[in-house]
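Chemist: Supplied in structure tokens, the structure appears directly below.
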Amino acid sequence: MNSVTSFDDFNLSKKILHAIKEMGFEEPTPIQVQAIPMLMEGHDVIGQAQTGTGKTATFGIPILERLNPRLRAVQALILTPTRELAIQVAEEISKIGRFKDVKTLPIYGGQSIDRQIRSLKFGVQVVIGTPGRILDHLRRKTLKLDKLSMMVLDEADEMLDMGFIDDIELILQETPPERQTLLFSATMPMQIQRLAKKYLNNPQSVTVSKDELTVPLIEQVFYEVRERQKLDALCRILDVAEAGLAIIFCRTKRGVDELVAGLQARGYQAEGLHGDLSQHQRNRVMKKFRDSSVEILVATDVAARGLDVENVTHVFNYDVPQDPESYVHRIGRTGRAGKTGIAITLVVPREYRQLRLIEKAAQTRIKRKPLPSLADVAEHQREMVAERVVNLIDEGKLGFYRTIVENLIDDYDTVDIAAAALKMALDLQLDEDISDEGPDVSFADTGAEPGMVRFFMNVGRQDEIKPQDIVKFIAEEAGVPGNIVGLIKIYDRFTFVEVPENTAEQVMYSINRSVIKGRKVNVEPARRRK
Ligand code: ADP
Ligand code: MG
């Protein structure tokens, strides 16, 4: 492996390093390598990078290192396009800062403003919010930015698309001019460049470019699962997969350890591979995997880099990879040297969009498959058992056992004897079906027909949206048949649309922040009007 930068090279405090380690980050992503040192030195930065490149930690780490913990005033403000992102960013920053005494608060529309005002009075130091609501607080004077030292515009082009550009300027004008400013955007349209020129001070630029991607020609499928049933789903897939050697990818070291423990507890021969292992341990694991005494290798991207093992039949993405490059690298571990392989991705609802982005960027097709049912697993087990029995008969050497059977044969049916013997030997446990635990977000009471969920979308007649556009949009983005779309009501500035409950999560996560007629869409479960 070449000498990659590690988090230790950034001169970070012990507390932050400890937290990053706990989060399971093995090494900084390219944007982190480039931008963290600049930010730590106090430079303004313009960063161009796609989703999933690790931008949150890029600004989160320097913010937490640079702010003054004793000063109980808002020192950092992060603007994000949506409330969902504001919450995500707040969660990640809390994790990075968990061993430091820093108060963070997400502020977004839709939440009680009184509660936000109360929280703000408690000396919050890092605020993450959507521009509209932040401006609202500034006007009410419930948010003061006179002590602000760092300002982040996260996903600036998305904020532009959502019509926030004027709000952002108004907010910037309320901040001290000597602040450090950071702007992230996947694209750099004129208006963003103009904003950067006006409000950033001698900024350094960083860009994370995309390599050309070639996807290996192997079968690619995905299964939709809920977060809590992931392990059960994986086991079920493994049970019917007839896998030779399988590599399962997890995003973090912690994820690797947890999955290995879970698989071993369920009787699978699995071992983990990640950056915390010594070279000796690593070699030992790899040897076992190469000579097939371990059939499942669970690994992080970094640990599996450059790994070349013959006869890997299955690659699993236990988490949807962060970016298309990583997807392509991962699945390239199978189907080597002209052998066939299959790549299987587990997708939880909030990852649909990421999966679609990967499909588009890598210009590949990942087919959806239904999870194997218990009946499928049982059928498969029947076949396996039969095969083992036949092998033993062929082998002979049954003398001792034959005597037992011969003693029983006068009183009992032969088939019963054989069946009971198998039951005793195998003690097959046909476990409970994986229960559907209901959606992760609440779709209760959206005012839809029974069995349907009603969504609110921020596009309407003024965007020249027609019902057939909505149907096509949902079908294409979410990968569902258009005819499942129910009642559509289009108003001037917004639209209500209903879809069946069992597709609601998938539809919402897929179409949210996608583009229809050149407009970025924001989707939320509708609220019933009182
Ligand atoms: P972006 O804002 O660029 O879309 P995020 O900051 O949301 O990306 O990061 C995407 C995911 O990658 C998150 O789950 C985050 O915890 C994880 N992540 C970030 N940096 C690293 C790293 N250095 N190693 C492993 N995972 C990381
Ligand atoms: Mg982000």
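Ordering of the structure tokens sets the chain letters (A, B, ...); residue numbers start at 1 within each chain; ligands are numbered from 1 in the order shown.
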May I have a table of the residues of stretch 325-394 of chain A lying at most 12 Å from stretch 513-517 of chain A, giving each one's closest pair of atoms and their distance in Å to one decimal, counting only C-alpha atoms, ordered by chain and ascending residue number, as a Markdown table?
Modeler:
```
| residue | atom | partner | partner_atom | distance |
| --- | --- | --- | --- | --- |
| A:Tyr352 | CA | A:Ser514 | CA | 11.9 |
| A:Arg353 | CA | A:Ser514 | CA | 8.7 |
| A:Gln354 | CA | A:Ser514 | CA | 11.2 |
| A:Arg356 | CA | A:Ser514 | CA | 10.4 |
| A:Leu357 | CA | A:Ser514 | CA | 10.1 |
```
Chemist: Please extract the residues at most 6 Å from ligand 1, counting only C-alpha atoms and all ligand atoms, and provide them as a PDB file with N, CA, C and O atoms, in the first residue's frame, using the chain letters and residue numbers of this document.
Modeler:
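The new file out-v9.pdb reads:
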```
ATOM      1  N   PHE A  25     -13.814   5.314  11.083  1.00  0.00           N
ATOM      2  CA  PHE A  25     -13.145   5.826   9.891  1.00  0.00           C
ATOM      3  C   PHE A  25     -11.701   5.326   9.887  1.00  0.00           C
ATOM      4  O   PHE A  25     -10.978   5.525  10.851  1.00  0.00           O
ATOM      5  N   GLU A  26     -11.275   4.720   8.830  1.00  0.00           N
ATOM      6  CA  GLU A  26      -9.911   4.191   8.788  1.00  0.00           C
ATOM      7  C   GLU A  26      -8.912   5.210   8.262  1.00  0.00           C
ATOM      8  O   GLU A  26      -7.818   5.329   8.749  1.00  0.00           O
ATOM      9  N   GLU A  27      -9.304   5.889   7.207  1.00  0.00           N
ATOM     10  CA  GLU A  27      -8.405   6.904   6.688  1.00  0.00           C
ATOM     11  C   GLU A  27      -9.244   8.012   6.070  1.00  0.00           C
ATOM     12  O   GLU A  27     -10.398   7.802   5.707  1.00  0.00           O
ATOM     13  N   PRO A  28      -8.681   9.215   5.980  1.00  0.00           N
ATOM     14  CA  PRO A  28      -9.465  10.327   5.449  1.00  0.00           C
ATOM     15  C   PRO A  28      -9.795  10.133   3.972  1.00  0.00           C
ATOM     16  O   PRO A  28      -9.022   9.517   3.237  1.00  0.00           O
ATOM     17  N   THR A  29     -10.930  10.636   3.550  1.00  0.00           N
ATOM     18  CA  THR A  29     -11.309  10.592   2.142  1.00  0.00           C
ATOM     19  C   THR A  29     -10.507  11.677   1.401  1.00  0.00           C
ATOM     20  O   THR A  29      -9.936  12.562   2.039  1.00  0.00           O
ATOM     21  N   THR A  51     -21.845  13.961  -3.675  1.00  0.00           N
ATOM     22  CA  THR A  51     -22.365  13.390  -2.424  1.00  0.00           C
ATOM     23  C   THR A  51     -21.548  12.172  -2.027  1.00  0.00           C
ATOM     24  O   THR A  51     -20.998  11.479  -2.870  1.00  0.00           O
ATOM     25  N   GLY A  52     -21.491  11.941  -0.739  1.00  0.00           N
ATOM     26  CA  GLY A  52     -20.863  10.731  -0.247  1.00  0.00           C
ATOM     27  C   GLY A  52     -19.351  10.776  -0.240  1.00  0.00           C
ATOM     28  O   GLY A  52     -18.685   9.761  -0.158  1.00  0.00           O
ATOM     29  N   THR A  53     -18.774  11.976  -0.347  1.00  0.00           N
ATOM     30  CA  THR A  53     -17.317  12.063  -0.352  1.00  0.00           C
ATOM     31  C   THR A  53     -16.774  12.421   1.041  1.00  0.00           C
ATOM     32  O   THR A  53     -15.576  12.553   1.216  1.00  0.00           O
ATOM     33  N   GLY A  54     -17.677  12.562   2.006  1.00  0.00           N
ATOM     34  CA  GLY A  54     -17.219  12.833   3.373  1.00  0.00           C
ATOM     35  C   GLY A  54     -17.035  14.307   3.691  1.00  0.00           C
ATOM     36  O   GLY A  54     -16.160  14.696   4.456  1.00  0.00           O
ATOM     37  N   LYS A  55     -17.935  15.130   3.106  1.00  0.00           N
ATOM     38  CA  LYS A  55     -17.785  16.570   3.315  1.00  0.00           C
ATOM     39  C   LYS A  55     -18.090  16.991   4.758  1.00  0.00           C
ATOM     40  O   LYS A  55     -17.471  17.917   5.271  1.00  0.00           O
ATOM     41  N   THR A  56     -19.032  16.302   5.388  1.00  0.00           N
ATOM     42  CA  THR A  56     -19.423  16.730   6.729  1.00  0.00           C
ATOM     43  C   THR A  56     -18.234  16.720   7.693  1.00  0.00           C
ATOM     44  O   THR A  56     -17.990  17.690   8.409  1.00  0.00           O
ATOM     45  N   ALA A  57     -17.477  15.628   7.701  1.00  0.00           N
ATOM     46  CA  ALA A  57     -16.319  15.567   8.592  1.00  0.00           C
ATOM     47  C   ALA A  57     -15.251  16.569   8.143  1.00  0.00           C
ATOM     48  O   ALA A  57     -14.499  17.090   8.960  1.00  0.00           O
TER      49      ALA A  57
END
```
Chemist: Could you please write out, as a PyMOL selection string, every residue of stretch 138-345 of chain A that DSSP assigns to alpha helix (DSSP H)?
Modeler: chain A and resi 138-140+156-161+165-173+190-199+230-241+253-265+279-290+301-304+324-331
Chemist: Chain A near ligand 2 within 12 Å: what's each residue's closest atom pair and its distance in Å to one decimal, counting only C-alpha atoms and all ligand atoms, ordered by chain then ascending residue number, as JSON lines?
Modeler:
```
{"residue": "A:Ile31", "atom": "CA", "partner": "ligand 2", "partner_atom_place_in_ligand_line": "1 (Mg)", "distance": 12.0}
{"residue": "A:Gly47", "atom": "CA", "partner": "ligand 2", "partner_atom_place_in_ligand_line": "1 (Mg)", "distance": 11.8}
{"residue": "A:Gln48", "atom": "CA", "partner": "ligand 2", "partner_atom_place_in_ligand_line": "1 (Mg)", "distance": 11.8}
{"residue": "A:Ala49", "atom": "CA", "partner": "ligand 2", "partner_atom_place_in_ligand_line": "1 (Mg)", "distance": 9.6}
{"residue": "A:Gln50", "atom": "CA", "partner": "ligand 2", "partner_atom_place_in_ligand_line": "1 (Mg)", "distance": 8.7}
{"residue": "A:Thr51", "atom": "CA", "partner": "ligand 2", "partner_atom_place_in_ligand_line": "1 (Mg)", "distance": 6.2}
{"residue": "A:Gly52", "atom": "CA", "partner": "ligand 2", "partner_atom_place_in_ligand_line": "1 (Mg)", "distance": 6.9}
{"residue": "A:Thr53", "atom": "CA", "partner": "ligand 2", "partner_atom_place_in_ligand_line": "1 (Mg)", "distance": 8.0}
{"residue": "A:Gly54", "atom": "CA", "partner": "ligand 2", "partner_atom_place_in_ligand_line": "1 (Mg)", "distance": 7.0}
{"residue": "A:Lys55", "atom": "CA", "partner": "ligand 2", "partner_atom_place_in_ligand_line": "1 (Mg)", "distance": 5.4}
{"residue": "A:Thr56", "atom": "CA", "partner": "ligand 2", "partner_atom_place_in_ligand_line": "1 (Mg)", "distance": 5.4}
{"residue": "A:Ala57", "atom": "CA", "partner": "ligand 2", "partner_atom_place_in_ligand_line": "1 (Mg)", "distance": 8.9}
{"residue": "A:Thr58", "atom": "CA", "partner": "ligand 2", "partner_atom_place_in_ligand_line": "1 (Mg)", "distance": 9.7}
{"residue": "A:Phe59", "atom": "CA", "partner": "ligand 2", "partner_atom_place_in_ligand_line": "1 (Mg)", "distance": 10.0}
{"residue": "A:Gly60", "atom": "CA", "partner": "ligand 2", "partner_atom_place_in_ligand_line": "1 (Mg)", "distance": 10.7}
{"residue": "A:Ile78", "atom": "CA", "partner": "ligand 2", "partner_atom_place_in_ligand_line": "1 (Mg)", "distance": 10.8}
{"residue": "A:Leu79", "atom": "CA", "partner": "ligand 2", "partner_atom_place_in_ligand_line": "1 (Mg)", "distance": 10.7}
{"residue": "A:Thr80", "atom": "CA", "partner": "ligand 2", "partner_atom_place_in_ligand_line": "1 (Mg)", "distance": 8.3}
{"residue": "A:Pro81", "atom": "CA", "partner": "ligand 2", "partner_atom_place_in_ligand_line": "1 (Mg)", "distance": 10.0}
{"residue": "A:Thr82", "atom": "CA", "partner": "ligand 2", "partner_atom_place_in_ligand_line": "1 (Mg)", "distance": 10.7}
{"residue": "A:Glu84", "atom": "CA", "partner": "ligand 2", "partner_atom_place_in_ligand_line": "1 (Mg)", "distance": 10.5}
{"residue": "A:Leu85", "atom": "CA", "partner": "ligand 2", "partner_atom_place_in_ligand_line": "1 (Mg)", "distance": 7.0}
{"residue": "A:Ala86", "atom": "CA", "partner": "ligand 2", "partner_atom_place_in_ligand_line": "1 (Mg)", "distance": 9.1}
{"residue": "A:Ile87", "atom": "CA", "partner": "ligand 2", "partner_atom_place_in_ligand_line": "1 (Mg)", "distance": 10.7}
{"residue": "A:Gln88", "atom": "CA", "partner": "ligand 2", "partner_atom_place_in_ligand_line": "1 (Mg)", "distance": 8.1}
{"residue": "A:Val89", "atom": "CA", "partner": "ligand 2", "partner_atom_place_in_ligand_line": "1 (Mg)", "distance": 6.9}
{"residue": "A:Ala90", "atom": "CA", "partner": "ligand 2", "partner_atom_place_in_ligand_line": "1 (Mg)", "distance": 10.7}
{"residue": "A:Glu91", "atom": "CA", "partner": "ligand 2", "partner_atom_place_in_ligand_line": "1 (Mg)", "distance": 11.7}
{"residue": "A:Glu92", "atom": "CA", "partner": "ligand 2", "partner_atom_place_in_ligand_line": "1 (Mg)", "distance": 10.0}
{"residue": "A:Ile93", "atom": "CA", "partner": "ligand 2", "partner_atom_place_in_ligand_line": "1 (Mg)", "distance": 11.4}
{"residue": "A:Ile128", "atom": "CA", "partner": "ligand 2", "partner_atom_place_in_ligand_line": "1 (Mg)", "distance": 11.9}
{"residue": "A:Val152", "atom": "CA", "partner": "ligand 2", "partner_atom_place_in_ligand_line": "1 (Mg)", "distance": 11.2}
{"residue": "A:Leu153", "atom": "CA", "partner": "ligand 2", "partner_atom_place_in_ligand_line": "1 (Mg)", "distance": 10.3}
{"residue": "A:Asp154", "atom": "CA", "partner": "ligand 2", "partner_atom_place_in_ligand_line": "1 (Mg)", "distance": 6.6}
{"residue": "A:Glu155", "atom": "CA", "partner": "ligand 2", "partner_atom_place_in_ligand_line": "1 (Mg)", "distance": 6.9}
{"residue": "A:Ala156", "atom": "CA", "partner": "ligand 2", "partner_atom_place_in_ligand_line": "1 (Mg)", "distance": 10.5}
{"residue": "A:Glu158", "atom": "CA", "partner": "ligand 2", "partner_atom_place_in_ligand_line": "1 (Mg)", "distance": 11.0}
{"residue": "A:Leu183", "atom": "CA", "partner": "ligand 2", "partner_atom_place_in_ligand_line": "1 (Mg)", "distance": 11.6}
{"residue": "A:Phe184", "atom": "CA", "partner": "ligand 2", "partner_atom_place_in_ligand_line": "1 (Mg)", "distance": 8.8}
{"residue": "A:Ser185", "atom": "CA", "partner": "ligand 2", "partner_atom_place_in_ligand_line": "1 (Mg)", "distance": 9.6}
{"residue": "A:Ala186", "atom": "CA", "partner": "ligand 2", "partner_atom_place_in_ligand_line": "1 (Mg)", "distance": 10.2}
{"residue": "A:Gln322", "atom": "CA", "partner": "ligand 2", "partner_atom_place_in_ligand_line": "1 (Mg)", "distance": 11.5}
```
Chemist: To one decimal in Å, tell me the separation between atom CA of A:Leu105 and atom CA of A:Val126.
Modeler: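 Answer for the atom CA of A:Leu105 to atom CA of A:Val126 separation: 6.4 Å.
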Chemist: Where does DSSP see strand (DSSP E or B) in stretch 137-194 of chain A, if you list the residues as a list in words?
Modeler: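 Result set for stretch 137-194 of chain A (strand (DSSP E or B)): Met150, Met151, Val152, Leu153, Gln180, Thr181, Leu182, Leu183, Phe184 and Ser185 of chain A.
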Chemist: In Å, rounded to a single decimal, give me how far atom CA of A:Ile96 is from atom CA of A:Asn11.
Modeler: 15.2 Å
Chemist: Write out as number ranges by chain which residues come within 12 Å of A:Arg254 when counting only C-alpha atoms, dropping same-chain ones fewer than 2 positions away.
Modeler: A: 20-26, 249-252, 256-261, 272-276, 298-300
Chemist: For the selection just defined, write its residues with N, CA, C and O atoms to a file, as a CSV table (one decimal), in the first residue's frame.
Modeler:
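Written out: again.csv:
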```csv
chain,number,residue,atom,x,y,z
A,20,ILE,N,-13.2,9.8,16.1
A,20,ILE,CA,-13.1,9.4,14.7
A,20,ILE,C,-12.9,7.9,14.6
A,20,ILE,O,-13.4,7.2,13.8
A,21,LYS,N,-12.0,7.4,15.5
A,21,LYS,CA,-11.7,6.0,15.6
A,21,LYS,C,-13.0,5.2,15.9
A,21,LYS,O,-13.3,4.2,15.3
A,22,GLU,N,-13.7,5.8,16.9
A,22,GLU,CA,-14.9,5.1,17.3
A,22,GLU,C,-15.9,5.0,16.2
A,22,GLU,O,-16.8,4.1,16.1
A,23,MET,N,-15.9,6.0,15.4
A,23,MET,CA,-16.9,6.0,14.2
A,23,MET,C,-16.4,5.0,13.2
A,23,MET,O,-17.2,4.8,12.2
A,24,GLY,N,-15.2,4.5,13.3
A,24,GLY,CA,-14.8,3.5,12.4
A,24,GLY,C,-14.1,4.0,11.1
A,24,GLY,O,-13.9,3.3,10.2
A,25,PHE,N,-13.8,5.3,11.1
A,25,PHE,CA,-13.1,5.8,9.9
A,25,PHE,C,-11.7,5.3,9.9
A,25,PHE,O,-11.0,5.5,10.9
A,26,GLU,N,-11.3,4.7,8.8
A,26,GLU,CA,-9.9,4.2,8.8
A,26,GLU,C,-8.9,5.2,8.3
A,26,GLU,O,-7.8,5.3,8.7
A,249,PHE,N,-18.7,-6.3,2.2
A,249,PHE,CA,-18.1,-5.0,2.5
A,249,PHE,C,-19.0,-4.3,3.5
A,249,PHE,O,-20.2,-4.2,3.4
A,250,CYS,N,-18.3,-3.7,4.5
A,250,CYS,CA,-19.0,-2.8,5.4
A,250,CYS,C,-18.3,-1.4,5.3
A,250,CYS,O,-17.1,-1.4,5.0
A,251,ARG,N,-19.0,-0.4,5.8
A,251,ARG,CA,-18.4,0.9,5.6
A,251,ARG,C,-17.3,1.2,6.7
A,251,ARG,O,-16.3,1.9,6.5
A,252,THR,N,-17.5,0.6,7.9
A,252,THR,CA,-16.6,1.0,9.0
A,252,THR,C,-16.0,-0.3,9.6
A,252,THR,O,-16.6,-1.4,9.5
A,256,VAL,N,-17.6,-4.0,10.5
A,256,VAL,CA,-17.0,-5.3,10.2
A,256,VAL,C,-17.0,-6.2,11.5
A,256,VAL,O,-17.5,-7.3,11.4
A,257,ASP,N,-16.6,-5.6,12.6
A,257,ASP,CA,-16.5,-6.4,13.8
A,257,ASP,C,-17.9,-6.9,14.2
A,257,ASP,O,-18.1,-8.1,14.6
A,258,GLU,N,-18.9,-6.0,14.1
A,258,GLU,CA,-20.3,-6.4,14.5
A,258,GLU,C,-20.8,-7.5,13.6
A,258,GLU,O,-21.4,-8.5,14.1
A,259,LEU,N,-20.6,-7.3,12.4
A,259,LEU,CA,-21.1,-8.3,11.4
A,259,LEU,C,-20.4,-9.7,11.6
A,259,LEU,O,-21.1,-10.7,11.6
A,260,VAL,N,-19.1,-9.7,11.8
A,260,VAL,CA,-18.4,-10.9,12.0
A,260,VAL,C,-19.0,-11.6,13.2
A,260,VAL,O,-19.3,-12.8,13.2
A,261,ALA,N,-19.2,-10.9,14.3
A,261,ALA,CA,-19.7,-11.5,15.5
A,261,ALA,C,-21.1,-12.1,15.2
A,261,ALA,O,-21.4,-13.2,15.7
A,272,GLY,N,-13.0,-11.2,9.8
A,272,GLY,CA,-13.0,-9.8,9.5
A,272,GLY,C,-11.6,-9.4,9.0
A,272,GLY,O,-10.6,-9.9,9.4
A,273,LEU,N,-11.6,-8.3,8.2
A,273,LEU,CA,-10.4,-7.8,7.8
A,273,LEU,C,-10.5,-6.2,7.8
A,273,LEU,O,-11.3,-5.7,7.1
A,274,HIS,N,-9.7,-5.6,8.6
A,274,HIS,CA,-9.7,-4.1,8.6
A,274,HIS,C,-8.4,-3.6,9.1
A,274,HIS,O,-7.5,-4.3,9.6
A,275,GLY,N,-8.3,-2.3,9.1
A,275,GLY,CA,-7.0,-1.6,9.3
A,275,GLY,C,-6.4,-1.8,10.7
A,275,GLY,O,-5.3,-1.5,11.0
A,276,ASP,N,-7.3,-2.2,11.7
A,276,ASP,CA,-6.7,-2.4,13.0
A,276,ASP,C,-5.9,-3.7,13.2
A,276,ASP,O,-5.3,-3.9,14.3
A,298,VAL,N,-15.3,-10.5,5.8
A,298,VAL,CA,-16.0,-9.3,6.0
A,298,VAL,C,-14.9,-8.2,6.0
A,298,VAL,O,-14.0,-8.3,6.8
A,299,ALA,N,-15.0,-7.1,5.2
A,299,ALA,CA,-13.9,-6.2,5.1
A,299,ALA,C,-14.4,-4.8,4.9
A,299,ALA,O,-15.5,-4.5,4.4
A,300,THR,N,-13.5,-3.8,5.2
A,300,THR,CA,-13.8,-2.4,4.8
A,300,THR,C,-13.1,-2.2,3.4
A,300,THR,O,-12.3,-3.0,3.0
```
Chemist: Using only C-alpha atoms, which residue out of A:Gln111, A:Leu120, A:Gln193, A:Gln204 lies closest to A:Arg133?
Modeler: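 Comparing A:Gln111, A:Leu120, A:Gln193, A:Gln204 against A:Arg133, the winner is A:Gln111.
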Chemist: Using only C-alpha atoms, find the one residue out of A:Ala526, A:Pro106, A:Val377, A:Ile511 that sits nearest to A:Ala448.
Modeler: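 Ranking A:Ala526, A:Pro106, A:Val377, A:Ile511 by distance to A:Ala448, first place goes to A:Ala526.
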Chemist: Can you list, as a list in words, every protein, DNA or RNA residue that comes within 8 Å of A:Gln269 when you count only C-alpha atoms, leaving out same-chain residues fewer than 5 positions away?
Modeler: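 Selected residues are Leu263, Gln264, Ser293, Val294, Glu295 and Ile296 of chain A.
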Chemist: Restrict the selected residues to C-alpha atoms and save them as an mmCIF file, in the first residue's frame.
Modeler:
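The file below, again.cif, is the result:
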```
data_model
loop_
_atom_site.group_PDB
_atom_site.id
_atom_site.type_symbol
_atom_site.label_atom_id
_atom_site.label_comp_id
_atom_site.auth_asym_id
_atom_site.auth_seq_id
_atom_site.Cartn_x
_atom_site.Cartn_y
_atom_site.Cartn_z
ATOM 1 C CA LEU A 263 -22.397 -14.222 11.520
ATOM 2 C CA GLN A 264 -20.227 -16.390 13.766
ATOM 3 C CA SER A 293 -11.245 -22.823 5.489
ATOM 4 C CA VAL A 294 -13.089 -19.545 5.928
ATOM 5 C CA GLU A 295 -15.759 -18.883 3.339
ATOM 6 C CA ILE A 296 -16.817 -15.380 4.224
#
```
Chemist: So the first atom is atom CA of A:Ile342 and the second is atom CA of A:Glu310; what is the distance between them in Å, to one decimal place?
Modeler: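 Interatomic distance here is 13.9 Å.
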Chemist: Nearest to A:Arg350: which of A:Met384, A:Ile63, A:Val225, A:Met188 is it, counting only C-alpha atoms?
Modeler: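 Nearest candidate to A:Arg350 out of A:Met384, A:Ile63, A:Val225, A:Met188: A:Val225.
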Chemist: Env of A:Leu12: 12 Å cut, atoms = only C-alpha atoms, seq-sep filter 2 positions within chain, self excluded. Answer as a list in words.
Modeler: Ser6, Phe7, Asp8, Asp9, Phe10, Lys14, Lys15, Ile16, Leu17, His18, Ala19, Ile20, Ile36, Pro37, Met40, Ile61, Pro62, Ile63, Leu64, Glu65, Arg66 and Ile96 of chain A
Chemist: Applying 12 Å and only C-alpha atoms, which residues near A:Thr340 remain after dropping the ones on its own chain fewer than 5 positions away? List them as a PyMOL selection string.
Modeler: chain A and resi 216-220+243-244+310-315+331-335
